[in-house]
>>> print(open('entry-v1.cif').read())   # mmCIF, C-alpha atoms and all ligand atoms
data_protein
loop_
_atom_site.label_atom_id
_atom_site.label_comp_id
_atom_site.auth_asym_id
_atom_site.auth_seq_id
_atom_site.Cartn_x
_atom_site.Cartn_y
_atom_site.Cartn_z
CA MET T 20 -28.78 2.40 -25.48
CA LYS T 21 -31.89 4.60 -25.62
CA VAL T 22 -31.22 8.30 -25.14
CA ASP T 23 -32.79 9.75 -22.01
CA LYS T 24 -32.45 13.48 -21.42
CA ASP T 25 -32.37 12.86 -17.67
CA LYS T 26 -29.47 10.39 -18.02
CA PRO T 27 -26.47 12.21 -19.53
CA TRP T 28 -24.50 8.97 -19.87
CA THR T 29 -26.96 7.93 -22.61
CA TRP T 30 -26.40 11.14 -24.62
CA LEU T 31 -24.83 11.32 -28.08
CA LYS T 32 -21.81 13.24 -29.25
CA TYR T 33 -23.01 16.55 -30.65
CA ARG T 34 -22.07 17.49 -34.20
CA LYS T 35 -23.04 20.35 -36.46
CA GLY T 36 -26.38 19.87 -38.20
CA LEU T 37 -27.71 17.42 -35.63
CA CYS T 38 -30.37 19.89 -34.46
CA ASP T 39 -32.01 19.89 -37.89
CA THR T 40 -33.51 16.44 -37.34
CA CYS T 41 -33.96 16.55 -33.55
CA VAL T 42 -37.18 16.98 -31.57
CA ALA T 43 -35.29 19.60 -29.51
CA SER T 44 -35.02 17.45 -26.43
CA CYS T 45 -32.54 19.87 -24.83
CA CYS T 46 -35.35 22.47 -24.92
CA MET T 47 -37.32 20.14 -22.63
CA MET T 48 -34.78 20.45 -19.86
CA PRO T 49 -34.97 23.09 -17.09
CA VAL T 50 -33.49 26.42 -18.22
CA GLU T 51 -32.13 29.02 -15.83
CA VAL T 52 -31.51 32.57 -17.00
CA HIS T 53 -29.93 35.77 -15.71
CA LEU T 54 -31.37 39.28 -15.58
CA GLU T 55 -29.25 40.15 -18.62
CA ASP T 56 -31.00 37.38 -20.59
CA LEU T 57 -34.42 38.79 -19.66
CA LEU T 58 -33.21 42.24 -20.70
CA ARG T 59 -31.99 41.01 -24.10
CA LEU T 60 -35.34 39.29 -24.58
CA GLY T 61 -37.09 42.60 -24.00
CA LEU T 62 -39.08 41.08 -21.15
CA ILE T 63 -37.85 43.70 -18.68
CA THR T 64 -36.51 47.24 -18.84
CA GLN T 65 -33.14 48.39 -17.52
CA ASP T 66 -34.99 50.19 -14.72
CA GLU T 67 -36.69 46.96 -13.71
CA ALA T 68 -33.38 45.11 -13.81
CA ASP T 69 -31.89 47.78 -11.56
CA SER T 70 -34.78 47.38 -9.12
CA GLY T 71 -33.62 43.83 -8.39
CA GLY T 72 -34.43 40.25 -9.15
CA LYS T 73 -37.17 39.87 -6.57
CA ARG T 74 -39.39 42.52 -8.18
CA VAL T 75 -38.70 41.21 -11.64
CA PHE T 76 -39.60 37.70 -10.49
CA LYS T 77 -42.90 38.85 -9.02
CA ARG T 78 -44.09 40.30 -12.33
CA LEU T 79 -42.74 37.61 -14.65
CA LYS T 80 -44.15 34.83 -12.47
CA LYS T 81 -47.57 36.48 -12.68
CA GLU T 82 -47.20 36.55 -16.47
CA GLY T 83 -46.24 32.87 -16.51
CA VAL T 84 -42.75 33.34 -17.96
CA VAL T 85 -40.73 32.10 -14.97
CA THR T 86 -41.45 29.76 -12.10
CA SER T 87 -38.73 30.44 -9.55
CA TYR T 88 -35.92 32.78 -8.59
CA ARG T 89 -32.82 32.08 -6.54
CA GLU T 90 -31.52 35.24 -4.96
CA GLY T 91 -28.13 33.73 -4.15
CA THR T 92 -27.29 32.95 -7.76
CA GLY T 93 -29.57 35.51 -9.41
CA LEU T 94 -31.03 32.79 -11.61
CA PHE T 95 -34.63 32.61 -12.84
CA MET T 96 -36.17 29.31 -13.96
CA LEU T 97 -38.06 29.59 -17.24
CA THR T 98 -41.54 28.09 -17.28
CA GLN T 99 -41.89 24.65 -18.84
CA ARG T 100 -45.09 23.47 -20.53
CA PRO T 101 -46.82 20.45 -18.98
CA ASN T 102 -44.93 18.15 -21.39
CA GLY T 103 -41.60 19.74 -20.41
CA ASP T 104 -41.25 22.06 -23.41
CA CYS T 105 -39.55 25.38 -22.77
CA TYR T 106 -41.90 28.36 -22.68
CA PHE T 107 -40.24 29.65 -25.87
CA LEU T 108 -40.30 26.46 -27.90
CA ASN T 109 -42.74 26.25 -30.80
CA PRO T 110 -44.55 22.96 -30.11
CA LYS T 111 -45.20 22.25 -33.79
CA THR T 112 -41.94 23.20 -35.53
CA ARG T 113 -39.84 22.27 -32.45
CA GLN T 114 -37.84 25.45 -33.01
CA CYS T 115 -36.94 28.24 -30.61
CA THR T 116 -39.19 31.26 -31.11
CA ILE T 117 -36.54 33.65 -29.76
CA TYR T 118 -33.47 32.03 -31.31
CA GLU T 119 -31.56 35.24 -32.09
CA ARG T 120 -32.09 36.51 -28.54
CA ARG T 121 -31.99 33.17 -26.72
CA PRO T 122 -30.47 32.95 -23.23
CA GLY T 123 -26.75 32.52 -22.69
CA VAL T 124 -27.11 28.99 -21.39
CA CYS T 125 -28.81 27.92 -24.63
CA ARG T 126 -25.96 29.44 -26.63
CA LYS T 127 -23.35 27.56 -24.63
CA PHE T 128 -25.07 24.15 -24.70
CA PRO T 129 -23.63 21.58 -25.20
CA ALA T 130 -20.07 22.72 -25.92
CA GLU T 131 -19.52 24.91 -22.87
CA GLN T 132 -22.46 24.18 -20.60
CA GLY T 133 -24.40 21.09 -19.59
CA PRO T 134 -23.89 17.94 -17.55
CA LYS T 135 -21.89 16.18 -20.29
CA LEU T 136 -19.93 18.69 -22.33
CA GLY T 137 -19.97 18.07 -26.07
CA ASN T 138 -22.88 15.64 -25.78
CA CYS T 139 -26.63 16.16 -25.99
CA PRO T 140 -29.90 14.22 -25.65
CA TYR T 141 -30.57 13.96 -29.42
CA VAL T 142 -33.84 12.28 -30.34
CA SER T 143 -34.84 12.01 -33.97
CA LYS T 144 -38.06 13.77 -35.10
S1 LIG M 1 -30.65 17.84 -28.09
FE1 LIG M 1 -28.79 18.21 -29.28
S2 LIG M 1 -29.38 17.87 -31.41
FE2 LIG M 1 -31.26 18.15 -30.21
S3 LIG M 1 -31.70 20.35 -30.43
FE3 LIG M 1 -30.52 20.04 -28.53
S4 LIG M 1 -28.37 20.41 -29.14
FE4 LIG M 1 -29.57 20.05 -31.01
S1 LIG M 2 -35.01 29.56 -24.97
FE1 LIG M 2 -35.09 28.61 -26.98
S2 LIG M 2 -33.14 27.51 -27.19
FE2 LIG M 2 -33.44 27.96 -25.01
S3 LIG M 2 -34.44 26.14 -24.15
FE3 LIG M 2 -36.04 27.61 -24.73
S4 LIG M 2 -36.68 27.03 -26.81
FE4 LIG M 2 -34.69 26.08 -26.38
#
>>> encode(input="entry-v1.cif", output="structure tokens")
Amino acid sequence: MKVDKDKPWTWLKYRKGLCDTCVASCCMMPVEVHLEDLLRLGLITQDEADSGGKRVFKRLKKEGVVTSYREGTGLFMLTQRPNGDCYFLNPKTRQCTIYERRPGVCRKFPAEQGPKLGNCPYVSK
């Protein structure tokens, strides 16, 4: 069966080293982040974080980093490129440009977070 990132039942079992040969298809899925992720990324200051998500959203949307904010959950949606790539993905190397400071959800995927735990939409480079 062909792997489709939008169809988790087609995903493969994740194993260490798999990312080395993957096009980074999981980095083409929508990514939601918290204020603490934006802080760690150095995109906002502690003062801005304290001023609330709405104000942070206004500025980061203007700068093209995020596209939406849900006040109820406090989650910001990172911008995706027209082809679906995450804002922080290097389109040539297919590697994360902020890997050491990447959002919590990216750290937890696919073992602790995702629609099919332990599985991912691997597609060979
Ligand atoms: S889809 Fe799987 S193999 Fe590919 S980069 Fe993401 S976690 Fe790694
Ligand atoms: S922040 Fe990095 S690891 Fe997370 S989806 Fe974007 S490119 Fe991938």
>>> residues_near_ligand(input="entry-v1.cif", ligand="ligand LIG 1 (chain M)", cutoff="8 Å", atoms="all atoms listed in the file", output="ChimeraX atom specification")
/T:33-34,36-46,128-129,138-142
>>> closest_atom_pairs(input="entry-v1.cif", of="chain T", to="ligand LIG 2 (chain M)", cutoff="9 Å", atoms="all atoms listed in the file", output="JSON lines")
{"residue": "T:Ala43", "atom": "CA", "partner": "M:LIG2", "partner_atom": "FE4", "distance": 7.2}
{"residue": "T:Ser44", "atom": "CA", "partner": "M:LIG2", "partner_atom": "FE4", "distance": 8.6}
{"residue": "T:Cys45", "atom": "CA", "partner": "M:LIG2", "partner_atom": "S3", "distance": 6.6}
{"residue": "T:Cys46", "atom": "CA", "partner": "M:LIG2", "partner_atom": "S3", "distance": 3.9}
{"residue": "T:Met47", "atom": "CA", "partner": "M:LIG2", "partner_atom": "S3", "distance": 6.8}
{"residue": "T:Met48", "atom": "CA", "partner": "M:LIG2", "partner_atom": "S3", "distance": 7.1}
{"residue": "T:Pro49", "atom": "CA", "partner": "M:LIG2", "partner_atom": "S3", "distance": 7.7}
{"residue": "T:Val50", "atom": "CA", "partner": "M:LIG2", "partner_atom": "S3", "distance": 6.0}
{"residue": "T:Leu97", "atom": "CA", "partner": "M:LIG2", "partner_atom": "FE3", "distance": 8.0}
{"residue": "T:Gln99", "atom": "CA", "partner": "M:LIG2", "partner_atom": "FE3", "distance": 8.8}
{"residue": "T:Asp104", "atom": "CA", "partner": "M:LIG2", "partner_atom": "S4", "distance": 7.6}
{"residue": "T:Cys105", "atom": "CA", "partner": "M:LIG2", "partner_atom": "FE3", "distance": 4.6}
{"residue": "T:Tyr106", "atom": "CA", "partner": "M:LIG2", "partner_atom": "FE3", "distance": 6.3}
{"residue": "T:Phe107", "atom": "CA", "partner": "M:LIG2", "partner_atom": "S4", "distance": 4.5}
{"residue": "T:Leu108", "atom": "CA", "partner": "M:LIG2", "partner_atom": "S4", "distance": 3.8}
{"residue": "T:Asn109", "atom": "CA", "partner": "M:LIG2", "partner_atom": "S4", "distance": 7.3}
{"residue": "T:Arg113", "atom": "CA", "partner": "M:LIG2", "partner_atom": "S4", "distance": 8.0}
{"residue": "T:Gln114", "atom": "CA", "partner": "M:LIG2", "partner_atom": "S4", "distance": 6.5}
{"residue": "T:Cys115", "atom": "CA", "partner": "M:LIG2", "partner_atom": "S4", "distance": 4.0}
{"residue": "T:Thr116", "atom": "CA", "partner": "M:LIG2", "partner_atom": "FE1", "distance": 6.4}
{"residue": "T:Ile117", "atom": "CA", "partner": "M:LIG2", "partner_atom": "FE1", "distance": 5.9}
{"residue": "T:Tyr118", "atom": "CA", "partner": "M:LIG2", "partner_atom": "FE1", "distance": 5.8}
{"residue": "T:Arg120", "atom": "CA", "partner": "M:LIG2", "partner_atom": "S1", "distance": 8.3}
{"residue": "T:Arg121", "atom": "CA", "partner": "M:LIG2", "partner_atom": "S1", "distance": 5.0}
{"residue": "T:Pro122", "atom": "CA", "partner": "M:LIG2", "partner_atom": "S1", "distance": 5.9}
{"residue": "T:Gly123", "atom": "CA", "partner": "M:LIG2", "partner_atom": "FE2", "distance": 8.4}
{"residue": "T:Val124", "atom": "CA", "partner": "M:LIG2", "partner_atom": "FE2", "distance": 7.4}
{"residue": "T:Cys125", "atom": "CA", "partner": "M:LIG2", "partner_atom": "FE2", "distance": 4.6}
{"residue": "T:Arg126", "atom": "CA", "partner": "M:LIG2", "partner_atom": "S2", "distance": 7.5}
>>> residues_around(input="entry-v1.cif", residues="T:His53", least_positions_apart="5", cutoff="8 Å", atoms="all atoms listed in the file", output="PyMOL selection string")
chain T and resi 93-95
>>> closest_residue(input="entry-v1.cif", among="T:Ala68, T:Glu131, T:Val22, T:Lys144", to="T:Asp56", atoms="only C-alpha atoms")
T:Ala68
>>> axis_aligned_box(input="entry-v1.cif", around="stretch 31-43 of chain T", padding_each_side="5 Å", output="lines of an AutoDock Vina configuration file")
center_x = -29.5
center_y = 15.8
center_z = -33.1
size_x = 25.4
size_y = 19.0
size_z = 20.1
>>> atom_distance(input="entry-v1.cif", atom1="atom CA of T:Arg89", atom2="atom CA of T:Glu51")
9.8 Å
>>> closest_residue(input="entry-v1.cif", among="T:Thr29, T:Arg100, T:Ser143, T:Lys73", to="T:Ser87", atoms="all atoms listed in the file")
T:Lys73
>>> closest_residue(input="entry-v1.cif", among="T:Pro27, T:Asp69, T:Glu119, T:Val52", to="T:Thr98", atoms="only C-alpha atoms")
T:Val52
>>> atom_distance(input="entry-v1.cif", atom1="atom CA of T:Met96", atom2="atom CA of T:Trp28")
24.2 Å
>>> closest_residue(input="entry-v1.cif", among="T:Leu62, T:Asn102, T:Leu31, T:Leu136", to="T:Lys80", atoms="all atoms listed in the file")
T:Leu62
>>> closest_residue(input="entry-v1.cif", among="T:Asp23, T:Thr64, T:Ala130, T:Lys135", to="T:Lys35", atoms="all atoms listed in the file")
T:Ala130
>>> atom_distance(input="entry-v1.cif", atom1="atom CA of T:Tyr88", atom2="atom CA of T:Gly72")
7.6 Å
>>> closest_residue(input="entry-v1.cif", among="T:Lys111, T:Glu67, T:Leu54, T:Lys32", to="T:Glu90", atoms="all atoms listed in the file")
T:Leu54
